$ cat coords13.cif   # mmCIF, C-alpha atoms
data_model
loop_
_atom_site.label_atom_id
_atom_site.label_comp_id
_atom_site.auth_asym_id
_atom_site.auth_seq_id
_atom_site.Cartn_x
_atom_site.Cartn_y
_atom_site.Cartn_z
CA MET V 1 58.76 98.24 123.66
CA SER V 2 62.07 100.02 123.30
CA PRO V 3 65.17 97.82 122.93
CA ARG V 4 67.26 97.19 126.03
CA SER V 5 70.02 99.75 126.45
CA PRO V 6 73.50 98.32 125.97
CA ASP V 7 75.30 97.55 129.21
CA GLY V 8 78.32 99.83 129.22
CA ARG V 9 80.13 98.07 132.05
CA SER V 10 83.42 96.32 131.41
CA ALA V 11 83.67 92.56 131.82
CA ARG V 12 85.54 93.07 135.09
CA GLU V 13 82.80 95.35 136.39
CA LEU V 14 80.22 92.76 135.47
CA VAL V 15 82.18 90.07 137.30
CA ALA V 16 82.26 92.32 140.36
CA ALA V 17 78.48 92.68 140.06
CA LEU V 18 78.13 88.92 140.49
CA SER V 19 78.52 89.70 144.21
CA ALA V 20 75.73 92.30 144.25
CA SER V 21 73.31 92.10 147.15
CA HIS V 22 70.21 91.86 144.97
CA PHE V 23 69.44 88.72 142.99
CA ASN V 24 68.31 90.61 139.89
CA ASP V 25 71.56 92.57 139.75
CA ARG V 26 73.57 89.35 139.96
CA ALA V 27 71.41 87.62 137.36
CA LEU V 28 71.63 90.53 134.91
CA ALA V 29 75.41 90.68 135.27
CA LEU V 30 75.75 86.96 134.63
CA ALA V 31 73.41 87.12 131.63
CA GLU V 32 75.41 89.98 130.13
CA LEU V 33 78.71 88.17 130.63
CA VAL V 34 77.31 85.10 128.90
CA ARG V 35 75.80 87.20 126.11
CA ARG V 36 79.23 88.65 125.36
CA GLY V 37 80.61 85.15 125.09
CA ARG V 38 84.34 84.65 124.77
CA ALA V 39 84.99 88.33 125.37
CA SER V 40 84.10 87.63 129.02
CA THR V 41 86.35 84.60 129.48
CA ALA V 42 89.50 86.36 130.64
CA ALA V 43 87.73 88.43 133.31
CA LEU V 44 85.95 85.36 134.68
CA VAL V 45 89.11 83.24 134.72
CA ASP V 46 91.12 86.02 136.37
CA ALA V 47 88.52 86.34 139.14
CA LEU V 48 88.31 82.63 139.87
CA PRO V 49 91.41 82.11 142.07
CA THR V 50 90.27 84.55 144.75
CA ALA V 51 86.52 83.95 144.50
CA VAL V 52 84.76 82.01 147.24
CA GLY V 53 81.27 80.70 147.94
CA GLU V 54 78.44 81.66 145.65
CA LEU V 55 80.63 84.03 143.64
CA ARG V 56 82.90 81.15 142.72
CA ALA V 57 79.90 79.08 141.66
CA ARG V 58 78.52 81.93 139.52
CA ILE V 59 81.86 82.38 137.80
CA ALA V 60 81.96 78.65 137.07
CA GLN V 61 78.42 78.82 135.68
CA GLY V 62 79.33 81.72 133.44
CA LEU V 63 82.37 79.91 132.07
CA ALA V 64 80.36 76.73 131.45
CA GLU V 65 77.60 78.60 129.63
CA ILE V 66 80.07 80.55 127.50
CA ALA V 67 81.91 77.31 126.67
CA ASP V 68 85.11 78.88 125.43
CA PRO V 69 87.56 76.14 124.35
CA SER V 70 90.41 78.23 125.72
CA ALA V 71 89.07 77.50 129.22
CA ALA V 72 89.59 73.75 128.87
CA GLU V 73 92.39 73.55 131.43
CA VAL V 74 90.45 75.80 133.80
CA PHE V 75 87.52 73.38 133.62
CA ALA V 76 89.84 70.43 134.20
CA ALA V 77 91.32 72.09 137.29
CA MET V 78 87.87 72.93 138.66
CA LEU V 79 87.00 69.22 138.79
CA ASP V 80 88.99 69.07 142.04
CA ASP V 81 87.26 72.08 143.58
CA ALA V 82 85.83 71.82 147.10
CA ASP V 83 82.49 73.20 145.87
CA GLU V 84 80.29 70.58 144.23
CA GLN V 85 78.54 73.17 142.05
CA VAL V 86 81.90 74.30 140.68
CA ARG V 87 82.83 70.69 139.94
CA ALA V 88 79.51 70.11 138.18
CA ARG V 89 79.93 73.26 136.10
CA ALA V 90 83.45 72.16 135.19
CA ALA V 91 82.10 68.90 133.77
CA GLN V 92 79.35 70.80 131.97
CA GLY V 93 81.93 73.09 130.44
CA LEU V 94 84.08 70.21 129.22
CA VAL V 95 81.02 68.65 127.58
CA ARG V 96 80.02 71.86 125.88
CA ILE V 97 83.46 72.41 124.35
CA GLY V 98 83.68 68.78 123.23
CA ASP V 99 86.74 68.01 125.34
CA PRO V 100 87.80 64.32 125.38
CA ARG V 101 87.85 64.43 129.19
CA ALA V 102 84.14 65.21 129.34
CA LEU V 103 82.85 61.68 129.91
CA ASP V 104 85.24 61.02 132.78
CA ALA V 105 84.29 64.39 134.26
CA LEU V 106 80.57 63.61 134.08
CA LEU V 107 81.06 60.25 135.77
CA GLN V 108 83.20 61.84 138.46
CA THR V 109 80.55 64.47 139.19
CA ILE V 110 77.40 62.40 138.73
CA ASP V 111 76.38 63.04 142.36
CA ASP V 112 77.38 66.70 142.48
CA TYR V 113 74.92 69.60 142.69
CA PRO V 114 71.54 67.78 142.70
CA ASP V 115 68.58 69.54 141.14
CA ILE V 116 66.18 69.84 144.08
CA LEU V 117 63.21 70.18 141.72
CA ARG V 118 64.12 67.08 139.68
CA GLU V 119 65.63 64.66 142.20
CA PRO V 120 67.72 62.58 141.53
CA ASP V 121 68.86 64.63 138.52
CA THR V 122 72.15 66.49 138.49
CA LEU V 123 73.87 68.52 135.80
CA SER V 124 75.94 65.45 135.05
CA THR V 125 73.01 63.06 134.64
CA ASP V 126 71.71 65.54 132.08
CA GLY V 127 75.11 65.65 130.39
CA LEU V 128 75.42 61.87 130.27
CA THR V 129 71.92 61.55 128.83
CA ASP V 130 72.73 64.11 126.15
CA LEU V 131 75.84 62.18 125.09
CA GLY V 132 73.66 59.17 124.34
CA PRO V 133 74.22 55.42 124.04
CA ALA V 134 78.00 55.63 123.84
CA VAL V 135 78.13 56.41 127.58
CA LEU V 136 76.40 53.21 128.65
CA PRO V 137 79.50 50.97 128.92
CA ARG V 138 80.84 53.45 131.50
CA VAL V 139 77.50 54.11 133.21
CA VAL V 140 76.11 50.63 133.84
CA PRO V 141 78.97 49.56 136.17
CA LEU V 142 77.76 52.33 138.49
CA LEU V 143 74.64 50.23 139.10
CA LYS V 144 76.85 48.32 141.57
CA GLU V 145 78.22 51.35 143.41
CA PRO V 146 77.85 51.46 147.24
CA GLY V 147 75.90 54.73 147.24
CA LEU V 148 72.15 54.53 146.66
CA MET V 149 72.01 57.91 144.92
CA THR V 150 74.88 57.01 142.58
CA ARG V 151 73.06 53.82 141.62
CA SER V 152 69.80 55.73 141.19
CA ARG V 153 71.43 58.27 138.90
CA ALA V 154 73.14 55.61 136.80
CA PHE V 155 69.81 53.81 136.43
CA LEU V 156 68.13 57.08 135.47
CA VAL V 157 70.65 57.64 132.67
CA LEU V 158 70.24 54.04 131.48
CA ARG V 159 66.47 54.38 131.30
CA ARG V 160 66.63 57.69 129.46
CA VAL V 161 69.23 56.58 126.94
CA PHE V 162 67.69 53.15 126.30
CA PRO V 163 65.07 54.32 123.74
CA ARG V 164 67.87 55.78 121.61
CA LEU V 165 69.58 52.43 121.12
CA ALA V 166 69.27 51.09 117.60
CA GLY V 167 66.77 48.25 117.59
CA SER V 168 66.04 48.61 121.30
CA SER V 169 63.33 46.31 122.60
CA ASP V 170 60.55 47.05 125.03
CA TRP V 171 62.06 48.46 128.24
CA GLN V 172 59.68 46.70 130.62
CA SER V 173 60.20 43.30 129.06
CA LEU V 174 63.96 43.64 129.02
CA TRP V 175 64.00 44.96 132.59
CA VAL V 176 62.15 41.83 133.73
CA GLU V 177 64.37 39.55 131.64
CA LEU V 178 67.53 41.07 133.10
CA GLY V 179 66.52 40.63 136.72
CA ARG V 180 64.23 43.58 137.62
CA TYR V 181 67.04 45.86 138.74
CA LEU V 182 66.11 48.43 141.40
CA PRO V 183 68.69 50.74 143.00
CA ALA V 184 67.29 50.15 146.50
CA ALA V 185 66.92 46.37 146.27
CA GLU V 186 68.99 43.99 148.40
CA GLN V 187 72.61 43.94 147.26
CA ALA V 188 72.68 40.36 146.03
CA GLN V 189 69.60 40.88 143.87
CA ARG V 190 70.62 44.23 142.46
CA ASP V 191 74.22 43.17 141.78
CA ALA V 192 73.05 40.07 139.90
CA ALA V 193 70.72 42.21 137.80
CA ALA V 194 73.44 44.82 137.30
CA ASP V 195 75.79 42.14 135.98
CA ARG V 196 73.14 41.17 133.44
CA TRP V 197 72.80 44.77 132.34
CA ILE V 198 76.57 45.12 132.04
CA ALA V 199 76.74 42.00 129.88
CA TRP V 200 73.78 43.18 127.78
CA VAL V 201 75.37 46.57 127.14
CA GLU V 202 78.64 44.88 126.14
CA ARG V 203 76.75 43.02 123.40
CA GLN V 204 75.31 46.18 121.86
CA ALA V 205 76.86 47.91 118.87
CA TYR V 206 77.30 51.67 119.15
#

$ encode --input "coords13.cif" --output "structure tokens"
Amino acid sequence: MSPRSPDGRSARELVAALSASHFNDRALALAELVRRGRASTAALVDALPTAVGELRARIAQGLAEIADPSAAEVFAAMLDDADEQVRARAAQGLVRIGDPRALDALLQTIDDYPDILREPDTLSTDGLTDLGPAVLPRVVPLLKEPGLMTRSRAFLVLRRVFPRLAGSSDWQSLWVELGRYLPAAEQAQRDAAADRWIAWVERQAY
């Protein structure tokens, strides 16, 4: 197989192609922008203020996948975007560049942009899981949130991170001991169990 011919388009032309009518054209443009890495950052950032809809989301995805530290303030600003996918990509970008605001961003966007193939997963549940046990003191209070999906996502992160705790015991036994928490249980029951989890996490050393 002959090697793929280099894409001779400029970064700005590739950004324009993110609005192409055909999916493959859009996907190839995004892949090329990401492949070029930080050389694409300026064109993506410049296009963001006037971009709307799916184009805005694709630009945010490109920036998050490139993970250029110079885009830190752009990511921070995108956390207030009206589009939940843009907000989720902003948090993803902050995580990937190691920004100290990343944890707050992931918690803020935990319900944004659900993965329809992996419900209740979101980009931010993945990000929180990747950060590991250190997130748990901030995650377990969400077990008492009013929204069922927020509680479900917090519980998902807890379950996934639990095996990575040093000296962690058997999940099932501890779950029973701490009150059999379920996100959809009656409030009194789930809040009592959540309080036990919060206290348990506070006793762990990270």

$ resolve_selection --input "coords13.cif" --expression "the PyMOL selection byres ((chain V and resi 111) around 9)" --output "PDB file with C-alpha atoms, in the coordinates of the input"
ATOM      1  CA  GLU V  84      80.290  70.580 144.230  1.00  0.00           C
ATOM      2  CA  ALA V  88      79.510  70.110 138.180  1.00  0.00           C
ATOM      3  CA  LEU V 107      81.060  60.250 135.770  1.00  0.00           C
ATOM      4  CA  GLN V 108      83.200  61.840 138.460  1.00  0.00           C
ATOM      5  CA  THR V 109      80.550  64.470 139.190  1.00  0.00           C
ATOM      6  CA  ILE V 110      77.400  62.400 138.730  1.00  0.00           C
ATOM      7  CA  ASP V 112      77.380  66.700 142.480  1.00  0.00           C
ATOM      8  CA  TYR V 113      74.920  69.600 142.690  1.00  0.00           C
ATOM      9  CA  PRO V 114      71.540  67.780 142.700  1.00  0.00           C
ATOM     10  CA  PRO V 120      67.720  62.580 141.530  1.00  0.00           C
ATOM     11  CA  ASP V 121      68.860  64.630 138.520  1.00  0.00           C
ATOM     12  CA  THR V 122      72.150  66.490 138.490  1.00  0.00           C
ATOM     13  CA  LEU V 123      73.870  68.520 135.800  1.00  0.00           C
ATOM     14  CA  SER V 124      75.940  65.450 135.050  1.00  0.00           C
ATOM     15  CA  THR V 125      73.010  63.060 134.640  1.00  0.00           C
ATOM     16  CA  MET V 149      72.010  57.910 144.920  1.00  0.00           C
ATOM     17  CA  THR V 150      74.880  57.010 142.580  1.00  0.00           C
ATOM     18  CA  ARG V 153      71.430  58.270 138.900  1.00  0.00           C
TER      19      ARG V 153
END

$ closest_residue --input "coords13.cif" --among "V:Ser10, V:Gln204, V:Ser152, V:Gln189" --to "Leu165 in chain V" --atoms "only C-alpha atoms"
V:Gln204

$ resolve_selection --input "coords13.cif" --expression "the PyMOL selection byres ((chain V and resi 191) around 10)" --output "JSON, numbers by chain"
{"V": [141, 143, 144, 145, 179, 181, 182, 183, 185, 186, 187, 188, 189, 190, 192, 193, 194, 195, 196, 197]}

$ resolve_selection --input "coords13.cif" --expression "the PyMOL selection byres ((chain V and resi 17) around 12)" --output "PyMOL selection string"
chain V and resi 9-16+18-33+44+47+55+58-59

$ atom_distance --input "coords13.cif" --atom1 "CA of Ala184 in chain V" --atom2 "CA of Val157 in chain V"
16.1 Å

$ axis_aligned_box --input "coords13.cif" --around "range 115-119 of chain V" --padding-each-side "3 Å" --output "lines of an AutoDock Vina configuration file"
center_x = 65.9
center_y = 67.4
center_z = 141.9
size_x = 11.4
size_y = 11.5
size_z = 10.4

$ closest_residue --input "coords13.cif" --among "V:Arg96, V:Ala105, V:Arg35, V:Leu63" --to "Pro6 in chain V" --atoms "all atoms listed in the file"
V:Arg35

$ residues_around --input "coords13.cif" --residues "Gly98 in chain V" --least-positions-apart "4" --cutoff "10 Å" --atoms "all atoms listed in the file" --output "PDB file with C-alpha atoms, keeping the file's coordinate frame"
ATOM      1  CA  ALA V  67      81.910  77.310 126.670  1.00  0.00           C
ATOM      2  CA  PRO V  69      87.560  76.140 124.350  1.00  0.00           C
ATOM      3  CA  ALA V  72      89.590  73.750 128.870  1.00  0.00           C
ATOM      4  CA  GLN V  92      79.350  70.800 131.970  1.00  0.00           C
ATOM      5  CA  GLY V  93      81.930  73.090 130.440  1.00  0.00           C
ATOM      6  CA  LEU V  94      84.080  70.210 129.220  1.00  0.00           C
ATOM      7  CA  ALA V 102      84.140  65.210 129.340  1.00  0.00           C
ATOM      8  CA  LEU V 103      82.850  61.680 129.910  1.00  0.00           C
TER       9      LEU V 103
END

$ residues_around --input "coords13.cif" --residues "Val45 in chain V" --least-positions-apart "3" --cutoff "12 Å" --atoms "only C-alpha atoms" --output "number ranges by chain"
V: 11-12, 15, 38-42, 48-51, 56, 58-64, 66, 68, 70-75, 77-78

$ closest_residue --input "coords13.cif" --among "V:Val201, V:Asp80, V:Glu119, V:Arg89" --to "Val140 in chain V" --atoms "all atoms listed in the file"
V:Val201

$ atom_distance --input "coords13.cif" --atom1 "CA of Leu136 in chain V" --atom2 "CA of Glu177 in chain V"
18.4 Å

$ closest_residue --input "coords13.cif" --among "V:Glu65, V:Glu54, V:Asp99, V:Asp170" --to "Asp83 in chain V" --atoms "all atoms listed in the file"
V:Glu54

$ atom_distance --input "coords13.cif" --atom1 "CA of Leu158 in chain V" --atom2 "CA of Leu117 in chain V"
20.4 Å
